[in-house]
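Shown below: model-v7.txt, with compact mmCIF, C-alpha atoms and all ligand atoms.
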```txt
# COMPACT_ATOMS: atom_id res chain seq x y z
CA MET A 1 8.49 12.18 11.02
CA GLU A 2 7.08 15.60 10.07
CA THR A 3 10.69 16.80 9.73
CA ALA A 4 12.06 13.64 8.11
CA VAL A 5 9.56 13.75 5.22
CA ILE A 6 10.85 17.25 4.39
CA HIS A 7 14.59 17.13 5.16
CA GLY A 8 15.43 13.43 5.32
CA SER A 9 17.99 11.73 3.04
CA TYR A 10 18.81 14.88 1.06
CA ASP A 11 21.64 17.35 1.49
CA THR A 12 21.23 20.63 -0.44
CA LYS A 13 24.99 21.20 -0.24
CA GLU A 14 25.61 18.21 -2.48
CA HIS A 15 23.43 19.76 -5.19
CA LEU A 16 24.55 23.39 -5.61
CA GLY A 17 22.20 24.46 -2.83
CA SER A 18 19.08 23.36 -4.69
CA LEU A 19 16.27 23.42 -2.11
CA THR A 20 14.34 20.65 -3.86
CA VAL A 21 15.85 17.45 -5.24
CA PRO A 22 17.04 18.01 -8.84
CA ILE A 23 15.52 15.85 -11.56
CA PHE A 24 18.35 13.89 -13.17
CA GLN A 25 16.54 13.33 -16.45
CA THR A 26 19.22 11.20 -18.02
CA SER A 27 19.35 7.62 -19.25
CA THR A 28 23.08 7.15 -18.81
CA PHE A 29 26.15 8.54 -17.01
CA THR A 30 29.58 9.21 -18.52
CA PHE A 31 32.87 7.83 -17.23
CA ASP A 32 36.08 9.87 -16.99
CA SER A 33 38.11 7.02 -18.42
CA ALA A 34 37.87 3.42 -19.51
CA GLU A 35 39.47 2.42 -16.21
CA GLN A 36 36.87 4.31 -14.17
CA GLY A 37 34.14 2.61 -16.18
CA GLU A 38 35.69 -0.74 -15.37
CA LYS A 39 35.82 0.11 -11.65
CA CYS A 40 32.16 1.23 -11.61
CA PHE A 41 31.08 -2.04 -13.22
CA SER A 42 33.18 -4.20 -10.92
CA GLY A 43 31.83 -2.36 -7.87
CA GLU A 44 35.29 -1.22 -6.82
CA GLU A 45 34.13 2.38 -7.22
CA GLU A 46 30.68 3.77 -6.42
CA GLY A 47 29.06 5.68 -9.22
CA TYR A 48 26.02 5.93 -11.44
CA ILE A 49 26.18 3.91 -14.66
CA TYR A 50 22.77 3.78 -16.30
CA SER A 51 19.38 4.89 -14.91
CA ARG A 52 17.88 1.39 -14.76
CA LEU A 53 20.72 0.46 -12.40
CA GLY A 54 20.37 3.62 -10.34
CA ASN A 55 19.53 7.33 -10.66
CA PRO A 56 20.28 10.10 -8.14
CA THR A 57 16.71 11.49 -8.00
CA VAL A 58 15.22 8.03 -7.59
CA GLN A 59 17.87 7.20 -4.98
CA VAL A 60 16.80 10.08 -2.71
CA LEU A 61 13.26 8.69 -2.70
CA ALA A 62 14.50 5.14 -2.03
CA ASP A 63 16.62 6.40 0.88
CA LYS A 64 13.70 8.40 2.21
CA ILE A 65 11.28 5.48 2.31
CA ALA A 66 13.95 3.47 4.14
CA GLU A 67 14.31 6.27 6.69
CA LEU A 68 10.53 6.63 7.16
CA GLU A 69 9.98 2.87 7.52
CA GLU A 70 13.01 2.46 9.82
CA ALA A 71 14.66 0.11 7.33
CA GLU A 72 18.29 -0.33 6.31
CA ALA A 73 17.60 0.25 2.62
CA GLY A 74 14.86 1.13 0.15
CA LEU A 75 14.04 0.67 -3.53
CA ALA A 76 11.77 2.45 -6.01
CA PHE A 77 9.76 0.79 -8.78
CA GLY A 78 7.64 1.86 -11.73
CA SER A 79 4.42 0.83 -9.96
CA GLY A 80 3.18 -0.78 -6.78
CA MET A 81 2.77 -4.04 -8.68
CA ALA A 82 6.36 -3.82 -9.95
CA ALA A 83 7.40 -3.66 -6.28
CA VAL A 84 5.12 -6.57 -5.26
CA SER A 85 6.26 -8.77 -8.14
CA ALA A 86 9.97 -7.94 -7.73
CA VAL A 87 9.88 -8.75 -4.00
CA LEU A 88 7.85 -11.97 -4.36
CA MET A 89 9.85 -13.25 -7.33
CA SER A 90 13.11 -12.53 -5.58
CA LEU A 91 12.12 -14.41 -2.42
CA THR A 92 10.66 -17.52 -4.05
CA LYS A 93 11.60 -20.34 -6.39
CA SER A 94 9.70 -23.14 -8.08
CA GLY A 95 8.13 -25.47 -5.49
CA ASP A 96 7.90 -22.84 -2.76
CA HIS A 97 4.80 -21.77 -0.85
CA ILE A 98 3.58 -18.30 0.15
CA LEU A 99 1.24 -17.85 3.11
CA CYS A 100 -1.07 -14.85 2.54
CA SER A 101 -3.61 -12.87 4.48
CA GLN A 102 -7.23 -13.50 3.55
CA GLY A 103 -7.80 -10.77 1.00
CA VAL A 104 -5.02 -9.12 -0.97
CA TYR A 105 -4.99 -6.43 -3.64
CA GLY A 106 -6.68 -7.68 -6.85
CA CYS A 107 -3.55 -7.66 -9.02
CA THR A 108 -1.50 -9.31 -6.25
CA PHE A 109 -4.15 -12.05 -6.32
CA GLY A 110 -3.62 -12.23 -10.10
CA LEU A 111 0.17 -12.40 -9.71
CA LEU A 112 -0.08 -15.22 -7.14
CA THR A 113 -2.35 -17.17 -9.48
CA PHE A 114 0.11 -16.64 -12.34
CA MET A 115 3.05 -17.73 -10.18
CA ARG A 116 1.22 -20.89 -9.18
CA GLU A 117 0.22 -21.82 -12.73
CA LYS A 118 3.51 -20.95 -14.38
CA TYR A 119 6.18 -21.51 -11.74
CA HIS A 120 4.55 -23.97 -9.30
CA ILE A 121 4.77 -21.53 -6.41
CA THR A 122 1.67 -22.23 -4.35
CA HIS A 123 -0.15 -20.06 -1.82
CA ASP A 124 -2.85 -20.16 0.83
CA PHE A 125 -5.06 -17.39 2.13
CA ILE A 126 -5.80 -17.48 5.85
CA ALA A 127 -7.40 -15.15 8.42
CA MET A 128 -4.28 -15.09 10.68
CA GLU A 129 -6.46 -14.72 13.75
CA THR A 130 -4.27 -16.81 16.11
CA GLU A 131 -0.61 -17.85 16.28
CA GLU A 132 -1.74 -21.48 16.22
CA GLU A 133 -3.68 -20.94 12.97
CA ILE A 134 -0.65 -19.35 11.27
CA GLU A 135 1.66 -22.10 12.52
CA ARG A 136 -0.70 -24.79 11.27
CA HIS A 137 -0.53 -23.43 7.71
CA LEU A 138 3.24 -23.06 7.51
CA ARG A 139 5.02 -25.72 5.49
CA LYS A 140 8.67 -26.54 5.10
CA GLU A 141 8.42 -24.98 1.61
CA THR A 142 6.94 -21.71 2.94
CA ALA A 143 9.33 -19.04 1.66
CA CYS A 144 7.54 -15.95 2.99
CA ILE A 145 4.39 -14.62 4.62
CA TYR A 146 2.55 -11.88 2.74
CA VAL A 147 0.18 -9.60 4.65
CA GLU A 148 -2.10 -6.69 3.88
CA THR A 149 -3.60 -4.73 6.74
CA PRO A 150 -6.06 -3.04 6.69
CA ILE A 151 -7.49 -5.50 4.17
CA ASN A 152 -9.13 -4.07 1.09
CA PRO A 153 -12.08 -3.41 1.00
CA THR A 154 -13.43 -4.88 4.23
CA MET A 155 -10.99 -2.88 6.44
CA LYS A 156 -10.27 -5.88 8.67
CA LEU A 157 -6.93 -5.76 10.48
CA ILE A 158 -4.25 -8.36 11.04
CA ASP A 159 -2.10 -8.20 14.18
CA LEU A 160 1.36 -7.72 12.69
CA GLU A 161 3.20 -8.53 15.92
CA ARG A 162 1.41 -11.88 16.06
CA VAL A 163 2.48 -12.76 12.51
CA ALA A 164 6.05 -11.57 13.13
CA ASN A 165 6.31 -13.68 16.32
CA VAL A 166 5.40 -16.90 14.55
CA ALA A 167 7.63 -16.12 11.56
CA LYS A 168 10.66 -15.23 13.71
CA ASN A 169 10.70 -18.67 15.31
CA ARG A 170 10.82 -20.26 11.87
CA GLY A 171 13.10 -17.72 10.17
CA ILE A 172 10.51 -16.88 7.52
CA PRO A 173 10.42 -13.28 6.22
CA VAL A 174 7.18 -11.32 6.61
CA ILE A 175 6.25 -8.92 3.80
CA VAL A 176 3.66 -6.23 4.51
CA ASP A 177 1.83 -4.20 1.88
CA ASN A 178 1.57 -0.95 3.86
CA THR A 179 -0.18 1.06 1.14
CA PHE A 180 -3.40 1.71 3.08
CA SER A 181 -1.64 3.12 6.14
CA SER A 182 1.50 4.82 4.84
CA PRO A 183 4.55 4.95 7.14
CA TYR A 184 2.90 7.78 9.04
CA LEU A 185 0.17 5.53 10.44
CA GLN A 186 1.90 2.13 10.63
CA LYS A 187 5.52 0.90 10.74
CA PRO A 188 5.57 -2.87 10.15
CA LEU A 189 9.36 -3.22 10.57
CA ALA A 190 9.19 -1.72 14.05
CA LEU A 191 6.64 -4.47 14.84
CA GLY A 192 9.06 -7.21 13.77
CA CYS A 193 8.17 -7.66 10.08
CA ASP A 194 10.92 -7.77 7.44
CA ILE A 195 9.91 -6.06 4.20
CA VAL A 196 7.45 -3.23 3.54
CA ILE A 197 5.88 -2.53 0.16
CA HIS A 198 3.95 0.55 -0.96
CA SER A 199 1.92 1.49 -3.93
CA ALA A 200 3.32 5.05 -3.84
CA THR A 201 0.50 5.89 -6.26
CA LYS A 202 -1.76 6.25 -3.24
CA TYR A 203 -1.04 8.19 0.00
CA ILE A 204 2.69 8.70 -0.61
CA GLY A 205 2.07 10.60 -3.84
CA GLY A 206 -1.26 11.81 -2.54
CA HIS A 207 -2.29 13.83 -5.58
CA GLY A 208 -3.48 11.22 -8.07
CA ASP A 209 -0.89 12.15 -10.69
CA VAL A 210 1.70 9.37 -10.62
CA ILE A 211 2.02 5.56 -10.59
CA GLY A 212 4.91 4.24 -8.49
CA GLY A 213 6.02 1.59 -6.01
CA LEU A 214 8.45 1.36 -3.10
CA ALA A 215 9.98 -1.35 -0.95
CA ALA A 216 12.11 -1.18 2.19
CA GLY A 217 13.88 -3.76 4.33
CA GLY A 218 17.26 -5.27 5.19
CA ARG A 219 20.29 -4.11 3.20
CA GLU A 220 21.22 -7.54 1.81
CA THR A 221 17.67 -8.38 0.74
CA MET A 222 17.21 -5.01 -0.95
CA LYS A 223 20.55 -5.35 -2.70
CA ARG A 224 19.58 -8.76 -4.02
CA ILE A 225 16.27 -7.42 -5.35
CA ALA A 226 18.02 -4.39 -6.89
CA LYS A 227 20.45 -6.62 -8.77
CA THR A 228 17.92 -9.17 -10.02
CA THR A 229 14.19 -8.58 -10.13
CA LEU A 230 14.55 -4.80 -10.27
CA LYS A 231 17.51 -4.47 -12.64
CA ASP A 232 16.91 -7.50 -14.85
CA VAL A 233 13.12 -7.58 -14.89
CA GLY A 234 13.31 -3.83 -15.23
CA GLY A 235 10.30 -2.20 -13.53
CA VAL A 236 12.17 0.95 -12.57
CA MET A 237 10.80 4.37 -11.60
CA SER A 238 11.41 7.44 -13.75
CA PRO A 239 13.30 10.43 -12.26
CA PHE A 240 10.32 12.72 -12.79
CA ASP A 241 7.94 10.36 -11.01
CA ALA A 242 10.43 10.14 -8.11
CA TRP A 243 10.43 13.93 -7.95
CA LEU A 244 6.61 14.07 -7.86
CA LEU A 245 6.60 11.51 -5.04
CA LEU A 246 9.26 13.43 -3.08
CA ARG A 247 7.07 16.50 -3.42
CA GLY A 248 3.98 14.60 -2.27
CA LEU A 249 5.81 13.05 0.69
CA LYS A 250 6.53 16.44 2.27
CA THR A 251 2.87 16.84 3.23
CA LEU A 252 2.17 13.17 4.10
CA PRO A 253 1.70 13.71 7.87
CA ILE A 254 -0.64 16.70 7.56
CA ARG A 255 -2.59 15.05 4.77
CA MET A 256 -2.96 11.81 6.75
CA ASP A 257 -4.18 13.68 9.83
CA ARG A 258 -6.86 15.36 7.74
CA HIS A 259 -7.81 12.14 5.89
CA CYS A 260 -8.25 10.42 9.27
CA GLU A 261 -10.22 13.28 10.82
CA ASN A 262 -12.57 13.36 7.82
CA ALA A 263 -12.93 9.56 7.80
CA ILE A 264 -13.97 9.44 11.48
CA TYR A 265 -16.58 12.10 10.80
CA MET A 266 -17.95 10.11 7.82
CA MET A 267 -18.01 6.92 9.90
CA GLU A 268 -20.10 8.57 12.62
CA LYS A 269 -22.52 10.17 10.18
CA LEU A 270 -22.85 7.02 8.05
CA LYS A 271 -23.54 4.84 11.10
CA ALA A 272 -26.46 7.09 12.04
CA HIS A 273 -28.04 7.16 8.57
CA PRO A 274 -31.06 4.84 8.10
CA ALA A 275 -30.06 3.82 4.55
CA VAL A 276 -26.74 2.44 5.81
CA LYS A 277 -26.65 -1.13 7.07
CA GLN A 278 -23.08 -1.39 8.36
CA VAL A 279 -19.86 0.63 8.38
CA PHE A 280 -16.33 -0.85 8.42
CA TYR A 281 -13.58 1.39 9.73
CA PRO A 282 -10.50 0.41 11.81
CA GLY A 283 -10.88 3.54 13.93
CA ASP A 284 -14.39 2.58 15.06
CA GLN A 285 -14.35 2.15 18.85
CA GLU A 286 -17.26 -0.28 18.56
CA GLY A 287 -15.54 -2.31 15.82
CA ASN A 288 -13.87 -5.72 16.23
CA ASP A 289 -10.38 -4.47 15.41
CA TYR A 290 -10.14 -1.35 17.55
CA THR A 291 -7.68 -2.89 20.04
CA THR A 292 -5.42 -4.07 17.22
CA MET A 293 -5.67 -0.64 15.58
CA LYS A 294 -4.58 1.09 18.80
CA LYS A 295 -1.68 -1.35 19.10
CA GLN A 296 -0.19 -0.95 15.64
CA MET A 297 -1.59 2.16 13.98
CA ARG A 298 -1.38 5.81 14.95
CA LYS A 299 -4.95 6.42 13.68
CA GLY A 300 -7.67 4.58 11.78
CA GLY A 301 -6.77 5.77 8.27
CA GLY A 302 -8.62 7.51 5.47
CA LEU A 303 -10.52 4.58 4.01
CA LEU A 304 -13.80 3.08 5.04
CA SER A 305 -16.40 0.87 3.47
CA PHE A 306 -20.10 0.51 4.15
CA GLU A 307 -23.12 -1.51 3.10
CA VAL A 308 -26.37 0.13 2.09
CA HIS A 309 -29.73 -1.56 2.64
CA GLY A 310 -30.99 -3.24 -0.51
CA SER A 311 -28.95 -4.77 -3.27
CA LYS A 312 -26.45 -3.99 -6.00
CA ALA A 313 -28.98 -1.58 -7.56
CA GLN A 314 -29.02 0.61 -4.41
CA ALA A 315 -25.22 0.66 -4.21
CA GLN A 316 -24.91 1.70 -7.85
CA GLN A 317 -27.71 4.25 -7.44
CA LEU A 318 -25.79 5.80 -4.54
CA LEU A 319 -22.68 6.25 -6.69
CA ASN A 320 -24.71 7.73 -9.55
CA GLN A 321 -26.42 10.30 -7.32
CA LEU A 322 -23.26 11.87 -5.93
CA SER A 323 -22.38 15.35 -7.07
CA PHE A 324 -18.67 16.19 -6.49
CA ILE A 325 -17.52 12.89 -5.01
CA LYS A 326 -15.90 11.05 -7.92
CA ILE A 327 -16.53 7.46 -8.96
CA ALA A 328 -13.04 6.02 -9.33
CA VAL A 329 -10.79 3.25 -8.08
CA SER A 330 -7.46 4.19 -6.46
CA LEU A 331 -7.28 5.95 -3.11
CA GLY A 332 -5.32 8.39 -1.02
CA ASP A 333 -5.94 11.42 -3.22
CA ALA A 334 -7.06 14.92 -2.25
CA GLU A 335 -10.39 14.14 -3.95
CA THR A 336 -12.91 11.89 -2.20
CA LEU A 337 -13.29 8.77 -4.36
CA ILE A 338 -15.97 6.10 -4.21
CA GLN A 339 -16.13 2.69 -5.88
CA HIS A 340 -18.20 -0.51 -5.89
CA PRO A 341 -15.77 -3.41 -5.14
CA ALA A 342 -18.05 -6.25 -6.35
CA THR A 343 -18.23 -4.82 -9.89
CA MET A 344 -14.95 -2.88 -9.96
CA THR A 345 -11.76 -3.67 -7.95
CA HIS A 346 -12.89 -7.20 -7.04
CA SER A 347 -14.96 -8.11 -10.10
CA ALA A 348 -12.34 -10.70 -11.12
CA VAL A 349 -12.77 -12.58 -7.82
CA PRO A 350 -15.31 -15.43 -8.24
CA GLU A 351 -18.70 -14.69 -6.61
CA GLN A 352 -18.37 -17.45 -4.00
CA LYS A 353 -14.89 -16.30 -2.94
CA ARG A 354 -16.12 -12.70 -2.84
CA GLN A 355 -18.87 -13.65 -0.41
CA GLU A 356 -16.33 -15.45 1.80
CA MET A 357 -14.19 -12.34 1.80
CA GLY A 358 -17.17 -10.27 2.97
CA ILE A 359 -17.56 -8.31 -0.27
CA SER A 360 -21.32 -8.12 -0.75
CA ASP A 361 -23.11 -6.44 -3.64
CA GLN A 362 -24.24 -3.65 -1.29
CA LEU A 363 -20.71 -2.78 -0.20
CA VAL A 364 -19.11 0.49 -1.35
CA ARG A 365 -15.64 1.77 -0.55
CA LEU A 366 -14.89 5.38 0.19
CA SER A 367 -11.46 6.99 0.05
CA VAL A 368 -12.13 10.08 2.12
CA GLY A 369 -10.41 13.12 0.63
CA LEU A 370 -9.21 16.42 1.98
CA GLU A 371 -12.31 18.51 1.23
CA ALA A 372 -14.33 20.14 4.05
CA LYS A 373 -15.88 17.25 5.95
CA GLU A 374 -19.32 18.89 6.00
CA ASP A 375 -19.26 19.12 2.19
CA ILE A 376 -18.27 15.46 1.79
CA TRP A 377 -21.02 14.40 4.17
CA ASN A 378 -23.64 16.61 2.52
CA ASP A 379 -22.91 15.00 -0.83
CA LEU A 380 -23.13 11.50 0.65
CA LYS A 381 -26.25 12.38 2.63
CA GLN A 382 -28.24 13.74 -0.30
CA ALA A 383 -27.41 10.60 -2.29
CA LEU A 384 -28.29 8.29 0.65
CA ASP A 385 -31.54 10.19 1.34
CA GLN A 386 -32.72 9.38 -2.17
CA LEU A 387 -32.29 5.65 -1.57
CA GLN A 388 -35.08 5.36 0.96
C1 LIG B 1 -2.91 0.13 -5.67
C2 LIG B 1 -2.40 -0.94 -4.83
C3 LIG B 1 -1.38 -1.80 -5.28
C4 LIG B 1 -0.81 -1.71 -6.68
O1 LIG B 1 -0.16 -0.50 -6.91
P1 LIG B 1 0.01 0.19 -8.34
O2 LIG B 1 0.77 1.40 -8.04
O3 LIG B 1 -1.37 0.45 -8.87
O4 LIG B 1 0.73 -0.79 -9.21
C5 LIG B 1 -0.90 -2.77 -4.41
N1 LIG B 1 -1.42 -2.91 -3.18
C6 LIG B 1 -2.40 -2.13 -2.71
C7 LIG B 1 -2.92 -2.33 -1.33
C8 LIG B 1 -2.92 -1.11 -3.51
O5 LIG B 1 -3.91 -0.34 -3.05
```
Rewritten as structure tokens:
Amino acid sequence: METAVIHGSYDTKEHLGSLTVPIFQTSTFTFDSAEQGEKCFSGEEEGYIYSRLGNPTVQVLADKIAELEEAEAGLAFGSGMAAVSAVLMSLTKSGDHILCSQGVYGCTFGLLTFMREKYHITHDFIAMETEEEIERHLRKETACIYVETPINPTMKLIDLERVANVAKNRGIPVIVDNTFSSPYLQKPLALGCDIVIHSATKYIGGHGDVIGGLAAGGRETMKRIAKTTLKDVGGVMSPFDAWLLLRGLKTLPIRMDRHCENAIYMMEKLKAHPAVKQVFYPGDQEGNDYTTMKKQMRKGGGLLSFEVHGSKAQAQQLLNQLSFIKIAVSLGDAETLIQHPATMTHSAVPEQKRQEMGISDQLVRLSVGLEAKEDIWNDLKQALDQLQ
């Protein structure tokens, strides 16, 4: 993988020896003749036509995510949500049902609500803790299963092999939002799932300077999405953003190793601090999901969440007292970022539902960055010390 992120899906010889992928900053492509144009449109001849239908820079990134996720084909989108919406809209029609993991990204929750109200595509959220439970919630109208693991922001895991087993028997595709793990830590297709989605904005880009989305899966499915909900709905990625993401990808493995190393250190320190009530991290040996983590992830990841003693006031006070750790949503950047889910990423979720999901007012989420771990901890510690 360390080699594939650097050399995969790109041949310098095809591009005048250019070491890095050239940015094809063009909206359209010229034809040699009217007849060649006709052949490109009919599919008789391969060739670029117009950048919403395909662009060479974007294509390298799409091929690369397919290679990294062990998929037949990949696609790039203008944002993670463009990828989520294109995949879900392509796989469903009016009257269908989507079975979802308990807890999905806020805007995915919004999209599902919108699809139910406008297109009569219903959904259920379930814990997916046993095969029997998943089976019980499948209907004849269930068009796909949609899973996030680790779940944001509680860091609970779902056993992907378990979900894939049930789905295989029924021929239902399983979609996994793999944003929190990146292909370096988790490969859902190798575990039997069918489609992987990424908000490339996060770990894949890794530098907080681009919004983008990716999907990977079977060739026919990807082709269908490319020709309908990507091309005709139009949420495409720009060549420059693809280039930034290709640049970010080269360091994905070494960044992820460091994110994980720093996150484990924070988990240990946080667990021992008297102002902290509880820490949630998939790589915690004492946690509920450690066995599942070992089974399907290389390491525990760079995100953790924790509850402070007290109430919302203490959680907000903690954020306000930090020095270099930044208060921001998003994740996977070089900078350590902290946010308060109840009033930020999950503020649109009704209070009652939030409680069910385990998102208390004292919960904060930390995206552990690449800074020296002692410095990150010292900043957290001085802010926590003031809470007592
Ligand atoms: C950020 C995020 C998204 C949405 O991605 P954008 O690039 O912001 O559109 C989807 N899923 C998860 C898990 C995310 O963290």
request  = Produce as a ChimeraX atom specification the set of residues near ligand LIG 1 (chain B), where near means within 8 Å with only C-alpha atoms and all ligand atoms considered.
outcome  = /A:78-84,104-108,148,151-152,177-180,198-202,211-213,330-331
message = Please return as a count of residues only every residue within 6 Å of (1.8, -10.8, 17.1), taking into account all atoms listed in the file and the file's own coordinates.
response = 7
Sorted per-residue table, stretch 183-278 of chain A near stretch 19-41 of chain A, closest atoms and distance, 12 Å, all atoms listed in the file, as a tab-separated table:
```
residue	atom	partner	partner_atom	distance
A:Val236	CA	A:Ser27	CA	11.9
A:Met237	CA	A:Gln25	CA	11.7
A:Ser238	CA	A:Gln25	CA	8.3
A:Pro239	CA	A:Ile23	CA	5.9
A:Phe240	CA	A:Ile23	CA	6.2
A:Asp241	CA	A:Ile23	CA	9.4
A:Ala242	CA	A:Ile23	CA	8.4
A:Trp243	CA	A:Ile23	CA	6.5
A:Leu244	CA	A:Ile23	CA	9.8
A:Leu245	CA	A:Val21	CA	11.0
A:Leu246	CA	A:Val21	CA	8.0
A:Arg247	CA	A:Thr20	CA	8.4
A:Lys250	CA	A:Thr20	CA	10.8
```
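Those residues positioned at most 10 Å from (-20.7, -7.5, -6.8) are Ser311, Lys312, Ala315, His340, Pro341, Ala342, Thr343, Met344, Thr345, His346, Ser347, Ala348, Val349, Pro350, Glu351, Arg354, Gln355, Ile359, Ser360, Asp361, Gln362, Leu363 and Val364 of chain A, judged using all atoms listed in the file.
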ask   = By how many Å are atom CA of A:Ser90 and atom CA of A:Ala226 apart?
value = 9.6 Å
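Atom CA of A:Phe280 sits 19.2 Å away from atom CA of A:Ala383.
Here atom CA of A:Glu129 is placed at a distance of 7.3 Å from atom CA of A:Ile158.
Residue nearest A:Leu61, chosen from A:Gly300, A:Pro173, A:Gly248, A:Pro150 and counting only C-alpha atoms: A:Gly248.
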Per residue of stretch 85-114 of chain A within 7 Å of stretch 119-126 of chain A, record the nearest atom pair and its distance in Å to one decimal, counting only C-alpha atoms, with rows in chain order and ascending residue number, as a tab-separated table.
```
residue	atom	partner	partner_atom	distance
A:Lys93	CA	A:Ile121	CA	6.9
A:Ser94	CA	A:Tyr119	CA	5.3
A:Gly95	CA	A:Ile121	CA	5.3
A:Asp96	CA	A:Ile121	CA	5.0
A:His97	CA	A:Thr122	CA	4.7
A:Ile98	CA	A:His123	CA	4.6
A:Leu99	CA	A:Asp124	CA	5.2
A:Cys100	CA	A:Phe125	CA	4.7
A:Ser101	CA	A:Ile126	CA	5.3
A:Gln102	CA	A:Phe125	CA	4.7
```
key: Which residue of A:Met357, A:Met256, A:Leu387, A:Val5 approaches A:Gln316 most closely, using all atoms listed in the file   = A:Leu387
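With only C-alpha atoms as the atoms that count, the residue of A:Thr229, A:Thr149, A:Thr113, A:Ser305 with the shortest distance to A:Phe77 is A:Thr229.
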Just stretch 236-248 of chain A, please, as a tab-separated table (two decimals), in the first residue's frame (only N, CA, C and O atoms).
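Saved to part.tsv:
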```
chain	number	residue	atom	x	y	z
A	236	VAL	N	-19.38	16.70	-10.02
A	236	VAL	CA	-18.04	16.21	-10.39
A	236	VAL	C	-16.92	16.93	-9.62
A	236	VAL	O	-17.11	18.02	-9.10
A	237	MET	N	-15.75	16.31	-9.63
A	237	MET	CA	-14.57	16.88	-8.98
A	237	MET	C	-13.78	17.70	-9.99
A	237	MET	O	-13.71	17.36	-11.17
A	238	SER	N	-13.15	18.77	-9.54
A	238	SER	CA	-12.33	19.59	-10.43
A	238	SER	C	-10.94	18.97	-10.56
A	238	SER	O	-10.47	18.29	-9.65
A	239	PRO	N	-10.28	19.18	-11.70
A	239	PRO	CA	-8.93	18.61	-11.91
A	239	PRO	C	-7.94	19.06	-10.82
A	239	PRO	O	-7.12	18.28	-10.37
A	240	PHE	N	-8.03	20.30	-10.42
A	240	PHE	CA	-7.08	20.79	-9.40
A	240	PHE	C	-7.31	20.10	-8.05
A	240	PHE	O	-6.36	19.72	-7.37
A	241	ASP	N	-8.57	19.90	-7.70
A	241	ASP	CA	-8.86	19.20	-6.43
A	241	ASP	C	-8.37	17.75	-6.50
A	241	ASP	O	-7.86	17.21	-5.51
A	242	ALA	N	-8.52	17.13	-7.68
A	242	ALA	CA	-8.01	15.75	-7.85
A	242	ALA	C	-6.50	15.73	-7.63
A	242	ALA	O	-5.95	14.82	-7.00
A	243	TRP	N	-5.84	16.74	-8.16
A	243	TRP	CA	-4.38	16.83	-8.02
A	243	TRP	C	-3.97	16.99	-6.55
A	243	TRP	O	-3.04	16.35	-6.07
A	244	LEU	N	-4.70	17.84	-5.82
A	244	LEU	CA	-4.40	18.02	-4.39
A	244	LEU	C	-4.59	16.70	-3.64
A	244	LEU	O	-3.81	16.35	-2.75
A	245	LEU	N	-5.64	15.96	-4.01
A	245	LEU	CA	-5.92	14.69	-3.32
A	245	LEU	C	-4.87	13.64	-3.67
A	245	LEU	O	-4.47	12.85	-2.81
A	246	LEU	N	-4.40	13.63	-4.92
A	246	LEU	CA	-3.33	12.70	-5.32
A	246	LEU	C	-2.06	13.01	-4.52
A	246	LEU	O	-1.34	12.11	-4.10
A	247	ARG	N	-1.81	14.27	-4.32
A	247	ARG	CA	-0.65	14.71	-3.54
A	247	ARG	C	-0.80	14.26	-2.08
A	247	ARG	O	0.12	13.71	-1.48
A	248	GLY	N	-2.01	14.46	-1.52
A	248	GLY	CA	-2.24	14.06	-0.14
A	248	GLY	C	-2.11	12.54	0.05
A	248	GLY	O	-1.53	12.07	1.03
```
